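**Student:** Here it is, the structure, as structure tokens.
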Amino acid sequence: MNKDTNNIYRKLQEHLDKLPIGFPVTESGVELRILKNLFTPEQAELAMKLGFQPLPLKKIYRKVKSSGLMIEELENKLDKMDEMGLIHCGSVKEEGKVVRYYSNAPLAVGFYEYQANRLTVDFFKDILQYQEEAFTDEYNRTKIPQFRTIPIEESIAFEQKISTYDQLRALIENIGEPIAVQECICRKGHDLIKDPCKKTNLRESCFSFRTAAKTYINKGLGREISKEEALKILKKAEDDGLVLQPGNSQRPMAICTCCGCCCGVLSNQKKLLEPAQYFATNFYASIDDDLCVGCETCKDRCNMDAIYMENNIAIVNKARCIGCGVCIPTCTSDAIKLLKKEKVIIPPKNTAGTYIAIMNKKAELARAEKNLQ
């Protein structure tokens, strides 16, 4: 590939790095391999005409009109990119007409997940490498995560007051429709590289709602299900010891069911000494020394290596505990409880609010870094 073409992908990397969850550079250049795998040079050029905020077709056309491209051709090319999961596309009715809007998709949640039906071994290995080299640091940069951790239902004592956004059943009952379920791309990728999940046989276990659900259904990546079926799958995920991670808002667009061996977020965060600081969670586990019998079941269940044994008693490392409650239902002596943190994290009202908070924090950090120079 010639130097000019390489430059196009570098410019696209720099463009995508301006999104709320950016696309940072690496020493290895794995980020360019990812982009070259997905975007043609022409598609990369078009993606750079888009932004985080959706733009109508007419506004995008003004940016490319001088190239001689007709507006119908532009629409076809953008629709093809949407079909390939490279960008976001939506439509609204304005003055009786359907107007299509286009915007950049981030790596995650975005054009990585949209490749679930086209996943290859090489592409997935590049994603794993990129997560370790740069993307986890980008995800953690503001300490405002895209996802939250909510406790599994059996782990909450009935006497505790718990907000609806921390209750799984309340979330599903009020989430809005349609509801779609799709394969977990992380576990699907690990199956491809012959490293299957150690926690569960579930594969169809990630959920999207409302507009996001329509997107996954339209792309052939998910199927529509009822609230009852969603709760049934989620119960199986809880039983298998998976962490419930809805989007970090009071009305999330998605819920993931995650394990410490496959999930890109958990598997990379657990490599850190004190990963809990990067999770939005309102609970932590506590173990009663007098009741613990040292069976180590909780230690085996924990996805974050937050429990260790000392003198045959289980101990919780609070700097690693994310308050998921996975350890509680299988405790043989009822020694573990989830306790509510003194400082409660109230999530933004919607997904847009989450990304705005991330962007504002990034701007604040950038100003602070500039002042130190």
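Letters for chains follow the order of the structure tokens (A, B, ...), residue numbers begin at 1 for each chain, and ligand numbers begin at 1 in the order shown.
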Please provide as an MDAnalysis selection string all residues within 9 Å of stretch 214-222 of chain A, with the sequence filter that same-chain residues fewer than 6 positions apart are discarded (counting only C-alpha atoms).

**Tutor:** chainID A and resid 82:85 88:90 114:117 178:183 204 207:208

**Student:** Would you list the contacts of A:Lys235 as a ChimeraX atom specification, taking every protein, DNA or RNA residue within 12 Å and counting only C-alpha atoms, but skipping same-chain residues closer than 4 positions in sequence?

**Tutor:** /A:152-154,168-169,202,205,228-231,239-244,257,326

**Student:** As number ranges by chain, please: every residue in stretch 227-341 of chain A that a backbone DSSP assignment puts in strand (DSSP E).

**Tutor:** A: 243-246, 254-258, 283-287, 307-310, 313-316, 336-340

**Student:** Residues of stretch 94-326 of chain A classed as alpha helix (DSSP H) by DSSP on the backbone are to be reported as an MDAnalysis selection string.

**Tutor:** chainID A and resid 121:130 136:140 168:174 185:192 210:218 227:239 264:269 297:301

**Student:** Would you compute the distance between atom CA of A:Asp290 and atom CA of A:Ile313? Give it in Å to one decimal.

**Tutor:**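 If I compute the distance from atom CA of A:Asp290 to atom CA of A:Ile313, I get 9.0 Å.
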
**Student:** So which residues touch A:Lys299 within 8 Å, counting only C-alpha atoms, skipping near sequence neighbours fewer than 3 positions away, as an MDAnalysis selection string?

**Tutor:** chainID A and resid 296 302 305:309 314 327

**Student:** Which one of A:Arg141, A:Arg210, A:Lys199, A:Lys232 sits closest to A:Phe279 if you count only C-alpha atoms?

**Tutor:** A:Arg141

**Student:** Taking into account only C-alpha atoms, which residue in the set A:Ala134, A:Ala212, A:Val109, A:Ile150 is nearest to A:Ile185?

**Tutor:**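 Result for the nearest residue to A:Ile185: A:Val109.
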
**Student:** Return the single residue from A:Glu369, A:Glu177, A:Glu31, A:Glu42 that is closest to A:Asp17, with distances computed using only C-alpha atoms.

**Tutor:**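 Going through A:Glu369, A:Glu177, A:Glu31, A:Glu42 one by one, the smallest distance to A:Asp17 is for A:Glu31.
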
**Student:** Using only C-alpha atoms, can you tell me which of A:Glu224, A:Asp300, A:Asp122, A:Glu75 comes closest to A:Val99?

**Tutor:**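 Distance minimum relative to A:Val99 lands on A:Glu75.
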
**Student:** Write out as a PyMOL selection string each polymer residue whose atoms come within 7 Å of A:Ile336, counting only C-alpha atoms; drop sequence neighbours fewer than 2 positions from it.

**Tutor:** chain A and resi 285-288+328+331+334+338

**Student:** I need the residue nearest A:Asn174 from this list: A:Gln250, A:Thr354, A:Thr26, A:Gln146. Use only C-alpha atoms for the distance.

**Tutor:** A:Gln250

**Student:** Neighbouring residues of A:Leu32 were defined as those with any atom within 9 Å, considering only C-alpha atoms; residues of the same chain fewer than 3 positions away were excluded. Please report them as a ChimeraX atom specification.

**Tutor:** /A:6,9-10,13,25,29,35-37

**Student:** Let me see the file: selected residues, N, CA and C atoms, as a JSON list (two decimals), in the first residue's frame.

**Tutor:**
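The resulting file, result.json, is shown below:
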[["chain", "number", "residue", "atom", "x", "y", "z"],
["A", 6, "ASN", "N", -1.57, 5.15, 2.97],
["A", 6, "ASN", "CA", -1.30, 5.06, 4.41],
["A", 6, "ASN", "C", -1.67, 6.35, 5.12],
["A", 9, "TYR", "N", -5.39, 6.65, 6.00],
["A", 9, "TYR", "CA", -5.79, 5.91, 7.20],
["A", 9, "TYR", "C", -5.29, 6.59, 8.47],
["A", 10, "ARG", "N", -4.12, 7.21, 8.40],
["A", 10, "ARG", "CA", -3.65, 7.94, 9.56],
["A", 10, "ARG", "C", -4.56, 9.12, 9.85],
["A", 13, "GLN", "N", -7.64, 7.83, 11.48],
["A", 13, "GLN", "CA", -7.37, 7.52, 12.89],
["A", 13, "GLN", "C", -7.43, 8.80, 13.73],
["A", 25, "VAL", "N", -3.42, 6.47, 18.79],
["A", 25, "VAL", "CA", -2.32, 5.90, 18.03],
["A", 25, "VAL", "C", -1.54, 4.90, 18.90],
["A", 29, "GLY", "N", 1.19, 0.32, 15.35],
["A", 29, "GLY", "CA", 0.39, 0.62, 14.17],
["A", 29, "GLY", "C", -0.79, -0.32, 13.98],
["A", 35, "LEU", "N", -8.28, -0.32, 10.67],
["A", 35, "LEU", "CA", -8.98, 0.56, 9.72],
["A", 35, "LEU", "C", -8.87, 0.05, 8.29],
["A", 36, "LYS", "N", -7.68, -0.42, 7.90],
["A", 36, "LYS", "CA", -7.48, -0.94, 6.54],
["A", 36, "LYS", "C", -8.31, -2.20, 6.30],
["A", 37, "ASN", "N", -8.52, -2.95, 7.37],
["A", 37, "ASN", "CA", -9.32, -4.18, 7.26],
["A", 37, "ASN", "C", -10.78, -3.86, 6.95]]
